[in-house]
Amino acid sequence: MTTSRLTAPQRRLPRAVLPRDIPRRGTAPRDIPRTAAPRGSFRDNWQGWAFVAPFVAFFLMFLVWPLLSGALMSLTGKSLTGANDGFIGLANYAEAFADPDMWRSLGNTLYFTLISTVPLVVIALALAALVNMGLPAQWLWRLSFFSPFLLASTVVSLFFSWMYNPQLGLFNDILAKIGLPPVAWLNDPSMAMWAIVIATVWWTTGFNFLLYLAALQNIPQQHYEAASLDGAGGWRQLFSITLPQLGPTTAMIVILQVLASLKVFDQIYQMTSGGPGGATRPVVQYIFEAGFTGYRLGYSAAISYIFFGLILLISVAQLFITRKRSA
Amino acid sequence: MKQVDSRLMHLSRRQLLLGGGALVGSISLGASLTGCGGAAQAAGNDIRFWHLLSGGDGIKMQSMIDRANAAHPEFTVKPTVLAWGPPYYTKLAMASAGGRPPEVAVMHAARVAGYAPGGLLDPWDLSLLAEYGVRPEDFTQRIWEKSQLDGKVFSIALDSHPFILLYNTEVAGKAGVLGGNGQLAEISSPAQFFDVARELQRVTGKHGLSYGFLGDGAQMWRMFYTFYKQHGADMVLEPGKPAQVDRDVAVDCLQFITQMLDDSIATRSGDGGTAIAEFASQGSGMLFTGVWELPTMKAAGVPLDATTIPTLFGTPAAFADSHAFVLPHQARADDAKRRDVYKFVASMLKGSLDWAEAGHIPAYQPVVRSKEYAALLPQSHYAHAADIINYDPQAWFTGSGSDFQKYFAENVQNVFLGRIKPAEGWDAFIARINALLAKPNPV
């Protein structure tokens with residue numbers, strides 16, 4: 001299962017400034033039985049090591065090393081041109097904690113996560129429930145709901161930029177037809193984030209929909225039969241059988257969705273480039289700007305580690321909550 | 001199928017390893033060969049040239065490169081075009097910092113201060129340039145001054161491209177705002193400018209002036225800075241000190257702009273595309289824009305003339321930047337290749353009459369003084385802008401497509417839209433700039 005495309009993969013950013021693989025491990029199945037491998041037996045088991053060596057090499061080179069070098073970089077004043085290269089301790093972190101733009105971007109990211117995760121889960125569930133009700137041509141619905149997910153972020157951004165165009169766009173055309181005033185979708189600071197959420201929901205809800213649909217189809221039919229024998233109606237069955245049975249799936253979808261939404265970058269960069277007036281700039285974009293257009297790599301690394309800490313915190317909290325619930 | 005499968009099954013481990021090894025070997029060999037090929041090509045007669053000119057500018061640039069290549073069989077210039085703004089500048093900086101930059105590149109002159117001090121650029125050798133017929137006296141004073149930093153010449157300007165006023169001669173004629181020579185009569189005060197714009201609005205029935213700025217910090221800054229400099233005010237940004245600006249003048253300029261964007265003279269919600277479409281479809285009589293929009297408007301068949309932005313506040317001033325040739329720092333400079341680069345740049349400057357067709361004012365004065373350029377209309381009507389141009393205030397973070405213009409938009413767009421007071425937006429912008437100035441200079 002791929003989770004990397006849920007909302008916005010930052011493929012263009014180097015790993016040193018964007019640690020994104022760590023929290024995802026929180027979603028790995030916990031109950032795989034461990035094989036009792038003898039410890040410290042490199043010599044006995046060298047073939048095994050040889051087999052994993054290519055992976056370990058890549059793992060060290062492209063994950064562990066960037067993580068460490070990024071952390072080191074965040075303690076220096078390093079810039080793109082090599083100026084101010086010295087060790088400056090925690091000064092970058094102190095500056096970041098006092099930087100209103102950093103807090104604002106972080107706030108934007110959290111706001112996006114909050115207002116995107118809820119519809120992405122609820123709408124996905126509603127769509128899955130509808131399709132599962134036994135609509136005719138189920139494959140067609142499944143295909144239509146899922147297919148936007150296959151598009152590249154650039155394509156989605158272009159579609160929606162046109163539809164949001166104040167003069168020529170589809171949305172304002174519809175508003176005009178029903179007699180409502182036009183909306184400056186991407187140019188109004190109070191509207192822009194919602195406009196991006198609408199685009200994101202259209203784009204990625206299909207993936208959650210598919211997970212829900214699979215889970216719905218896995219609920220044994222006997223439960224419903226037994227319930228109807230006991231005289232339970234449709235709503236009763238929904239609340240007492242369907243939703244509880246979907247619990248583990250919902251927990252997984254919420255975790256994946258929160259992590260994916262926290263990484264938002266592509267569609268915002270392409271649709272508003274963080275505007276108007278920084279109202280939609282996510283923290284990942286601020287990291288990019290601090291490092292690559294502002295040249296301050298050390299400072300940008302420090303912000304990325306603050307963000308990393310936040311993601312870690314959220315993941316641990318989520319893990320804790322779901323573990324407690326399933327226990 | 002079955003047969004193939006069973007044969008595969010009988011492959012011994014040794015054979016498999018051998019085969020795999022051969023495959024890996026051939027792949028890496030192939031890679032190293034192409035790697036060699038690439039290096040060998042770059043070491044030959046090719047000059048790698050990066051620029052950020054697309055659209056009509058890009059087509060013109062390509063034809064000028066083709067002509068330079070044809071005239072100089074000893075080298076071949078191979079251009080790489082990247083998207084204007086941050087995508088271009090981040091890659092240029094990274095390539096230079098990583099030691100693998102192109103031999104020559106185009107930069108905005110106002111951005112050189114963010115590159116040269118960090119050692120990302122090499123200075124030009126003036127005696128070598130003079131050998132190929134390019135001397136300091138071939139440039140106007142303001143452009144030549146801008147090409148220098150700490151006493152060294154880091155950029156050779158191809159053009160200056162000011163923010164100007166295009167107007168529709170037919171609409172202006174009907175509105176009775178043309179002078180005896182068929183050009184826009186002189187306008188010398190804000191009140192007079194508003195009068196003219198209202199006359200034009202009466203003719204078009206829509207707006208008097210088109211000006212797109214929504215979501216575009218560069219457009220907001222260009223107009224603001226034009227009027228700021230027309231007040232005769234200065235702006236000095238020195239790292240380690242607060243910005244030295246004239247706050248009253250700035251507030252006055254913003255006030256004037258909000259008055260202008262009254263939805264009758266000009267729309268309050270115009271973005272770049274809307275403004276161009278409006279002027280092209282004769283929905284307005286004037287357009288505040290950069291010279292680079294000229295070819296679009298000519299192609300749209302608008303009866304057209306152009307001038308510098310009228311001097312409304314006493315001092316003639318125009319905002320501009322220059323496309324300028326720079327030498328990204330080479331770890332190992334190859335003398336023969338450097339000479340070819342100088343030859344190429346000299347031939348581009350001498351052939352810049354073509355570039356003038358795209359609207360830009362050639363920086364190389366022998367071209368501007370030519371008869372052919374004088375005959376080029378309406379370009380020659382604003383050529384004098386080169387004497388009154390003002391670049392962005394110098395700092396490592398200013399210039400075309402920089403974060404500076406973005407910060408301006410973030411804080412001042414709401415002033416343009418009438419949502420907040422001019423002083424409020426201006427103070428927030430200056431607070432942002434002061435925060436940048438307080439940080440150590442990264443270049």
# chains A, B, ... in the order shown; residues from 1 in each chain; ligands from 1

call {"tool": "interface_residues", "arguments": {"of": "chain A", "to": "chain B", "cutoff": "9 Å", "atoms": "only C-alpha atoms", "output": "MDAnalysis selection string"}}
result
chainID A and resid 77:84 167 184 187 272 275:279 289 292:296

call {"tool": "residues_around", "arguments": {"residues": "region 251-265 of chain B", "least_positions_apart": "4", "cutoff": "9 Å", "atoms": "only C-alpha atoms", "output": "number ranges by chain"}}
result
B: 190, 194, 197-198, 200-201, 206-211, 223-225, 227-228, 231, 246-247, 269, 284, 412, 415-418, 421-423, 426

call {"tool": "write_last_selection", "arguments": {"atoms": "N, CA and C atoms", "output": "compact mmCIF listing (two decimals), in the first residue's frame"}}
result
# COMPACT_ATOMS: atom_id res chain seq x y z
N PRO B 190 -1.04 64.54 -9.88
CA PRO B 190 -1.99 63.45 -9.66
C PRO B 190 -3.40 63.83 -10.10
N PHE B 194 -5.73 61.90 -12.89
CA PHE B 194 -7.08 61.37 -12.65
C PHE B 194 -8.06 61.93 -13.68
N ALA B 197 -7.58 60.11 -16.90
CA ALA B 197 -8.10 58.74 -16.78
C ALA B 197 -9.62 58.73 -16.84
N ARG B 198 -10.25 59.72 -16.23
CA ARG B 198 -11.72 59.76 -16.24
C ARG B 198 -12.24 60.06 -17.64
N LEU B 200 -10.81 59.15 -20.37
CA LEU B 200 -10.66 57.89 -21.10
C LEU B 200 -11.77 56.91 -20.71
N GLN B 201 -12.08 56.92 -19.43
CA GLN B 201 -13.13 56.01 -18.94
C GLN B 201 -14.46 56.33 -19.61
N LYS B 206 -15.81 51.49 -19.64
CA LYS B 206 -15.44 50.51 -18.61
C LYS B 206 -14.47 51.14 -17.62
N HIS B 207 -13.19 51.10 -17.97
CA HIS B 207 -12.18 51.71 -17.11
C HIS B 207 -11.31 52.67 -17.91
N GLY B 208 -10.65 53.58 -17.21
CA GLY B 208 -9.71 54.47 -17.88
C GLY B 208 -8.35 53.82 -18.01
N LEU B 209 -7.97 53.07 -16.96
CA LEU B 209 -6.62 52.52 -16.86
C LEU B 209 -6.71 51.03 -16.50
N SER B 210 -5.84 50.24 -17.12
CA SER B 210 -5.73 48.83 -16.73
C SER B 210 -4.42 48.64 -15.99
N TYR B 211 -4.50 47.93 -14.88
CA TYR B 211 -3.29 47.68 -14.11
C TYR B 211 -3.54 46.40 -13.30
N MET B 223 5.08 49.73 -9.53
CA MET B 223 4.33 50.99 -9.55
C MET B 223 4.63 51.82 -8.32
N PHE B 224 4.65 51.16 -7.17
CA PHE B 224 4.93 51.90 -5.94
C PHE B 224 6.28 52.61 -6.04
N TYR B 225 7.30 51.86 -6.46
CA TYR B 225 8.65 52.42 -6.44
C TYR B 225 8.81 53.53 -7.48
N PHE B 227 6.54 55.77 -8.21
CA PHE B 227 6.01 57.00 -7.60
C PHE B 227 6.85 57.43 -6.40
N TYR B 228 7.40 56.45 -5.68
CA TYR B 228 8.27 56.78 -4.54
C TYR B 228 9.47 57.58 -5.04
N HIS B 231 9.02 61.19 -6.02
CA HIS B 231 9.04 62.15 -4.92
C HIS B 231 10.46 62.61 -4.60
N ASP B 246 11.66 56.97 3.58
CA ASP B 246 10.86 58.15 3.87
C ASP B 246 9.41 57.70 4.04
N ARG B 247 8.99 57.54 5.29
CA ARG B 247 7.69 56.95 5.57
C ARG B 247 6.55 57.80 5.03
N SER B 269 -9.73 44.84 -8.48
CA SER B 269 -9.47 43.39 -8.41
C SER B 269 -8.85 42.88 -9.70
N SER B 284 -10.12 49.80 -21.88
CA SER B 284 -9.50 50.91 -21.15
C SER B 284 -8.60 51.65 -22.12
N VAL B 412 1.31 44.69 1.59
CA VAL B 412 0.73 45.89 1.01
C VAL B 412 -0.48 45.60 0.12
N VAL B 415 -3.55 46.98 1.36
CA VAL B 415 -3.68 48.44 1.21
C VAL B 415 -4.27 48.74 -0.16
N PHE B 416 -3.71 48.09 -1.19
CA PHE B 416 -4.20 48.30 -2.55
C PHE B 416 -5.70 47.97 -2.62
N LEU B 417 -6.09 46.94 -1.89
CA LEU B 417 -7.48 46.49 -1.94
C LEU B 417 -8.38 47.33 -1.04
N GLY B 418 -7.78 48.28 -0.31
CA GLY B 418 -8.57 49.15 0.56
C GLY B 418 -9.00 48.48 1.85
N LYS B 421 -5.20 50.44 6.27
CA LYS B 421 -4.68 51.80 6.03
C LYS B 421 -3.26 51.71 5.44
N PRO B 422 -2.90 52.68 4.57
CA PRO B 422 -1.55 52.67 3.99
C PRO B 422 -0.45 52.56 5.04
N ALA B 423 -0.55 53.34 6.12
CA ALA B 423 0.53 53.35 7.11
C ALA B 423 0.68 51.96 7.75
N TRP B 426 2.42 49.60 5.28
CA TRP B 426 3.80 50.01 5.09
C TRP B 426 4.65 49.65 6.30

call {"tool": "residues_around", "arguments": {"residues": "Lys241 (chain B)", "least_positions_apart": "6", "cutoff": "8 Å", "atoms": "only C-alpha atoms", "output": "ChimeraX atom specification"}}
result
/B:434,437-438

call {"tool": "closest_residue", "arguments": {"among": "A:Pro189, A:Gly179, A:Gly134, A:Gly231", "to": "Leu213 (chain A)", "atoms": "only C-alpha atoms"}}
result
A:Gly134

call {"tool": "residues_around", "arguments": {"residues": "region 131-142 of chain B", "least_positions_apart": "2", "cutoff": "8 Å", "atoms": "only C-alpha atoms", "output": "list in words"}}
result
Leu126, Ser127, Leu128, Leu129, Trp144, Glu145, Lys146, Tyr342, Lys343, Ala346, Ala363, Tyr364, Gln365, Pro366, Ala386, Asp387, Ile388, Ile389 and Asn390 of chain B

call {"tool": "write_last_selection", "arguments": {"atoms": "C-alpha atoms", "output": "PDB file, in the first residue's frame"}}
result
ATOM      1  CA  LEU B 126      37.128  45.162 -19.160  1.00  0.00           C
ATOM      2  CA  SER B 127      40.232  45.127 -21.362  1.00  0.00           C
ATOM      3  CA  LEU B 128      39.128  41.849 -22.920  1.00  0.00           C
ATOM      4  CA  LEU B 129      35.634  43.244 -23.456  1.00  0.00           C
ATOM      5  CA  TRP B 144      26.894  51.196 -15.927  1.00  0.00           C
ATOM      6  CA  GLU B 145      26.791  52.122 -12.246  1.00  0.00           C
ATOM      7  CA  LYS B 146      24.499  49.187 -11.586  1.00  0.00           C
ATOM      8  CA  TYR B 342      33.249  37.494 -24.399  1.00  0.00           C
ATOM      9  CA  LYS B 343      32.874  37.230 -28.167  1.00  0.00           C
ATOM     10  CA  ALA B 346      29.743  41.318 -27.547  1.00  0.00           C
ATOM     11  CA  ALA B 363      21.708  48.960 -23.061  1.00  0.00           C
ATOM     12  CA  TYR B 364      24.353  49.167 -25.767  1.00  0.00           C
ATOM     13  CA  GLN B 365      24.082  52.823 -26.821  1.00  0.00           C
ATOM     14  CA  PRO B 366      25.450  52.492 -30.388  1.00  0.00           C
ATOM     15  CA  ALA B 386      17.207  54.689 -19.621  1.00  0.00           C
ATOM     16  CA  ASP B 387      18.338  58.026 -18.167  1.00  0.00           C
ATOM     17  CA  ILE B 388      15.789  58.062 -15.341  1.00  0.00           C
ATOM     18  CA  ILE B 389      15.601  54.408 -14.359  1.00  0.00           C
ATOM     19  CA  ASN B 390      15.825  53.255 -10.771  1.00  0.00           C
TER      20      ASN B 390
END

call {"tool": "closest_residue", "arguments": {"among": "B:Asp334, B:Asp234, B:Glu186, B:Asp57", "to": "Thr308 (chain B)", "atoms": "only C-alpha atoms"}}
result
B:Glu186

call {"tool": "select_by_dssp", "arguments": {"residues": "region 170-206 of chain B", "states": "alpha helix (DSSP H)", "output": "short mmCIF file (atom, residue, chain, number, x, y, z; two decimals) with C-alpha atoms, in the first residue's frame"}}
result
data_model
loop_
_atom_site.label_atom_id
_atom_site.label_comp_id
_atom_site.auth_asym_id
_atom_site.auth_seq_id
_atom_site.Cartn_x
_atom_site.Cartn_y
_atom_site.Cartn_z
CA GLU B 170 -7.73 55.94 -30.78
CA VAL B 171 -9.37 56.10 -27.35
CA ALA B 172 -7.05 58.94 -26.29
CA GLY B 173 -7.92 60.87 -29.45
CA LYS B 174 -11.64 60.57 -28.80
CA ALA B 175 -11.11 61.63 -25.21
CA PRO B 190 -1.99 63.45 -9.66
CA ALA B 191 -5.19 65.48 -10.14
CA GLN B 192 -4.44 65.94 -13.81
CA PHE B 193 -3.73 62.23 -14.19
CA PHE B 194 -7.08 61.37 -12.65
CA ASP B 195 -8.81 63.82 -15.01
CA VAL B 196 -7.21 62.21 -18.06
CA ALA B 197 -8.10 58.74 -16.78
CA ARG B 198 -11.72 59.76 -16.24
CA GLU B 199 -11.92 61.19 -19.76
CA LEU B 200 -10.66 57.89 -21.10
CA GLN B 201 -13.13 56.01 -18.94
CA ARG B 202 -15.97 58.00 -20.46
CA VAL B 203 -14.88 56.88 -23.92
CA THR B 204 -14.44 53.19 -23.11
#

call {"tool": "residues_around", "arguments": {"residues": "Asp99 (chain A)", "least_positions_apart": "2", "cutoff": "12 Å", "atoms": "only C-alpha atoms", "output": "number ranges by chain"}}
result
A: 92-97, 101-106, 286, 290, 299, 303; B: 432, 435-436, 439

call {"tool": "atom_distance", "arguments": {"atom1": "CA of Tyr111 (chain A)", "atom2": "CA of Ile314 (chain A)"}}
result
14.2 Å

call {"tool": "residues_around", "arguments": {"residues": "Phe159 (chain A)", "least_positions_apart": "6", "cutoff": "10 Å", "atoms": "only C-alpha atoms", "output": "PyMOL selection string"}}
result
chain A and resi 153+199+271

call {"tool": "closest_residue", "arguments": {"among": "B:Ala395, B:Ile47, B:Leu92, B:Leu149", "to": "Pro239 (chain B)", "atoms": "only C-alpha atoms"}}
result
B:Ala395

call {"tool": "atom_distance", "arguments": {"atom1": "CA of Ser74 (chain A)", "atom2": "CA of Leu297 (chain A)"}}
result
7.7 Å

call {"tool": "closest_residue", "arguments": {"among": "A:Ser157, A:Asn208, A:Gln285, A:Thr76", "to": "Ala91 (chain A)", "atoms": "only C-alpha atoms"}}
result
A:Thr76

call {"tool": "atom_distance", "arguments": {"atom1": "CA of Met64 (chain B)", "atom2": "CA of His360 (chain B)"}}
result
14.1 Å

call {"tool": "decode", "arguments": {"residues": "region 158-195 of chain B", "atoms": "N, CA and C atoms", "output": "PDB file, in the first residue's frame"}}
result
ATOM      1  N   LEU B 158      22.243  43.784 -21.047  1.00  0.00           N
ATOM      2  CA  LEU B 158      21.752  43.659 -22.413  1.00  0.00           C
ATOM      3  C   LEU B 158      20.711  44.747 -22.680  1.00  0.00           C
ATOM      4  N   ASP B 159      19.964  45.090 -21.639  1.00  0.00           N
ATOM      5  CA  ASP B 159      18.850  46.015 -21.844  1.00  0.00           C
ATOM      6  C   ASP B 159      18.548  46.736 -20.543  1.00  0.00           C
ATOM      7  N   SER B 160      17.573  47.646 -20.605  1.00  0.00           N
ATOM      8  CA  SER B 160      16.855  48.005 -19.396  1.00  0.00           C
ATOM      9  C   SER B 160      15.390  47.826 -19.758  1.00  0.00           C
ATOM     10  N   HIS B 161      14.612  47.323 -18.804  1.00  0.00           N
ATOM     11  CA  HIS B 161      13.192  47.130 -19.128  1.00  0.00           C
ATOM     12  C   HIS B 161      12.344  47.807 -18.067  1.00  0.00           C
ATOM     13  N   PRO B 162      12.028  49.091 -18.309  1.00  0.00           N
ATOM     14  CA  PRO B 162      11.269  49.863 -17.324  1.00  0.00           C
ATOM     15  C   PRO B 162       9.782  49.532 -17.324  1.00  0.00           C
ATOM     16  N   PHE B 163       9.157  49.992 -16.283  1.00  0.00           N
ATOM     17  CA  PHE B 163       7.707  49.951 -16.119  1.00  0.00           C
ATOM     18  C   PHE B 163       7.188  51.212 -16.805  1.00  0.00           C
ATOM     19  N   ILE B 164       6.323  51.053 -17.790  1.00  0.00           N
ATOM     20  CA  ILE B 164       5.926  52.210 -18.596  1.00  0.00           C
ATOM     21  C   ILE B 164       4.402  52.310 -18.733  1.00  0.00           C
ATOM     22  N   LEU B 165       3.989  53.280 -19.514  1.00  0.00           N
ATOM     23  CA  LEU B 165       2.566  53.503 -19.790  1.00  0.00           C
ATOM     24  C   LEU B 165       2.310  53.262 -21.277  1.00  0.00           C
ATOM     25  N   LEU B 166       1.464  52.295 -21.577  1.00  0.00           N
ATOM     26  CA  LEU B 166       0.990  52.119 -22.952  1.00  0.00           C
ATOM     27  C   LEU B 166      -0.369  52.797 -23.042  1.00  0.00           C
ATOM     28  N   TYR B 167      -0.653  53.420 -24.178  1.00  0.00           N
ATOM     29  CA  TYR B 167      -1.994  53.978 -24.310  1.00  0.00           C
ATOM     30  C   TYR B 167      -2.562  53.746 -25.698  1.00  0.00           C
ATOM     31  N   ASN B 168      -3.867  53.719 -25.748  1.00  0.00           N
ATOM     32  CA  ASN B 168      -4.602  53.460 -26.968  1.00  0.00           C
ATOM     33  C   ASN B 168      -4.834  54.812 -27.655  1.00  0.00           C
ATOM     34  N   THR B 169      -4.179  55.029 -28.794  1.00  0.00           N
ATOM     35  CA  THR B 169      -4.233  56.351 -29.428  1.00  0.00           C
ATOM     36  C   THR B 169      -5.643  56.703 -29.895  1.00  0.00           C
ATOM     37  N   GLU B 170      -6.384  55.680 -30.283  1.00  0.00           N
ATOM     38  CA  GLU B 170      -7.733  55.942 -30.777  1.00  0.00           C
ATOM     39  C   GLU B 170      -8.631  56.436 -29.639  1.00  0.00           C
ATOM     40  N   VAL B 171      -8.581  55.714 -28.520  1.00  0.00           N
ATOM     41  CA  VAL B 171      -9.375  56.100 -27.355  1.00  0.00           C
ATOM     42  C   VAL B 171      -8.922  57.464 -26.847  1.00  0.00           C
ATOM     43  N   ALA B 172      -7.593  57.671 -26.791  1.00  0.00           N
ATOM     44  CA  ALA B 172      -7.054  58.936 -26.287  1.00  0.00           C
ATOM     45  C   ALA B 172      -7.473  60.089 -27.200  1.00  0.00           C
ATOM     46  N   GLY B 173      -7.495  59.833 -28.502  1.00  0.00           N
ATOM     47  CA  GLY B 173      -7.917  60.872 -29.449  1.00  0.00           C
ATOM     48  C   GLY B 173      -9.360  61.270 -29.205  1.00  0.00           C
ATOM     49  N   LYS B 174     -10.225  60.279 -29.052  1.00  0.00           N
ATOM     50  CA  LYS B 174     -11.641  60.571 -28.799  1.00  0.00           C
ATOM     51  C   LYS B 174     -11.823  61.318 -27.485  1.00  0.00           C
ATOM     52  N   ALA B 175     -10.982  60.985 -26.514  1.00  0.00           N
ATOM     53  CA  ALA B 175     -11.107  61.629 -25.206  1.00  0.00           C
ATOM     54  C   ALA B 175     -10.483  63.023 -25.199  1.00  0.00           C
ATOM     55  N   GLY B 176      -9.770  63.360 -26.277  1.00  0.00           N
ATOM     56  CA  GLY B 176      -9.167  64.682 -26.381  1.00  0.00           C
ATOM     57  C   GLY B 176      -8.005  64.901 -25.436  1.00  0.00           C
ATOM     58  N   VAL B 177      -7.222  63.848 -25.178  1.00  0.00           N
ATOM     59  CA  VAL B 177      -6.092  64.013 -24.257  1.00  0.00           C
ATOM     60  C   VAL B 177      -4.757  63.945 -24.994  1.00  0.00           C
ATOM     61  N   LEU B 178      -4.804  63.963 -26.327  1.00  0.00           N
ATOM     62  CA  LEU B 178      -3.557  63.928 -27.086  1.00  0.00           C
ATOM     63  C   LEU B 178      -3.047  65.339 -27.311  1.00  0.00           C
ATOM     64  N   GLY B 179      -1.716  65.472 -27.415  1.00  0.00           N
ATOM     65  CA  GLY B 179      -1.116  66.771 -27.705  1.00  0.00           C
ATOM     66  C   GLY B 179      -1.031  66.991 -29.206  1.00  0.00           C
ATOM     67  N   GLY B 180      -0.410  68.097 -29.598  1.00  0.00           N
ATOM     68  CA  GLY B 180      -0.321  68.441 -31.005  1.00  0.00           C
ATOM     69  C   GLY B 180       0.447  67.419 -31.830  1.00  0.00           C
ATOM     70  N   ASN B 181       1.431  66.740 -31.216  1.00  0.00           N
ATOM     71  CA  ASN B 181       2.247  65.781 -31.952  1.00  0.00           C
ATOM     72  C   ASN B 181       1.605  64.393 -32.023  1.00  0.00           C
ATOM     73  N   GLY B 182       0.376  64.286 -31.599  1.00  0.00           N
ATOM     74  CA  GLY B 182      -0.302  62.993 -31.658  1.00  0.00           C
ATOM     75  C   GLY B 182       0.043  62.079 -30.501  1.00  0.00           C
ATOM     76  N   GLN B 183       0.896  62.556 -29.583  1.00  0.00           N
ATOM     77  CA  GLN B 183       1.201  61.751 -28.403  1.00  0.00           C
ATOM     78  C   GLN B 183       0.460  62.309 -27.191  1.00  0.00           C
ATOM     79  N   LEU B 184       0.397  61.513 -26.160  1.00  0.00           N
ATOM     80  CA  LEU B 184      -0.311  61.921 -24.948  1.00  0.00           C
ATOM     81  C   LEU B 184       0.232  63.272 -24.448  1.00  0.00           C
ATOM     82  N   ALA B 185      -0.671  64.218 -24.193  1.00  0.00           N
ATOM     83  CA  ALA B 185      -0.234  65.527 -23.696  1.00  0.00           C
ATOM     84  C   ALA B 185       0.388  65.358 -22.315  1.00  0.00           C
ATOM     85  N   GLU B 186       1.291  66.276 -21.966  1.00  0.00           N
ATOM     86  CA  GLU B 186       2.032  66.116 -20.720  1.00  0.00           C
ATOM     87  C   GLU B 186       1.098  66.149 -19.509  1.00  0.00           C
ATOM     88  N   ILE B 187       1.353  65.246 -18.586  1.00  0.00           N
ATOM     89  CA  ILE B 187       0.567  65.184 -17.351  1.00  0.00           C
ATOM     90  C   ILE B 187       1.555  65.401 -16.218  1.00  0.00           C
ATOM     91  N   SER B 188       1.277  66.344 -15.312  1.00  0.00           N
ATOM     92  CA  SER B 188       2.313  66.636 -14.319  1.00  0.00           C
ATOM     93  C   SER B 188       1.799  66.684 -12.889  1.00  0.00           C
ATOM     94  N   SER B 189       0.576  66.228 -12.658  1.00  0.00           N
ATOM     95  CA  SER B 189       0.122  66.173 -11.271  1.00  0.00           C
ATOM     96  C   SER B 189      -0.884  65.034 -11.109  1.00  0.00           C
ATOM     97  N   PRO B 190      -1.036  64.538  -9.882  1.00  0.00           N
ATOM     98  CA  PRO B 190      -1.991  63.452  -9.661  1.00  0.00           C
ATOM     99  C   PRO B 190      -3.398  63.828 -10.104  1.00  0.00           C
ATOM    100  N   ALA B 191      -3.831  65.067  -9.795  1.00  0.00           N
ATOM    101  CA  ALA B 191      -5.186  65.475 -10.142  1.00  0.00           C
ATOM    102  C   ALA B 191      -5.381  65.439 -11.651  1.00  0.00           C
ATOM    103  N   GLN B 192      -4.356  65.922 -12.361  1.00  0.00           N
ATOM    104  CA  GLN B 192      -4.436  65.944 -13.813  1.00  0.00           C
ATOM    105  C   GLN B 192      -4.492  64.519 -14.378  1.00  0.00           C
ATOM    106  N   PHE B 193      -3.728  63.634 -13.750  1.00  0.00           N
ATOM    107  CA  PHE B 193      -3.726  62.233 -14.193  1.00  0.00           C
ATOM    108  C   PHE B 193      -5.115  61.627 -14.020  1.00  0.00           C
ATOM    109  N   PHE B 194      -5.727  61.899 -12.887  1.00  0.00           N
ATOM    110  CA  PHE B 194      -7.085  61.369 -12.653  1.00  0.00           C
ATOM    111  C   PHE B 194      -8.063  61.928 -13.684  1.00  0.00           C
ATOM    112  N   ASP B 195      -7.923  63.223 -14.011  1.00  0.00           N
ATOM    113  CA  ASP B 195      -8.809  63.824 -15.012  1.00  0.00           C
ATOM    114  C   ASP B 195      -8.695  63.093 -16.349  1.00  0.00           C
TER     115      ASP B 195
END
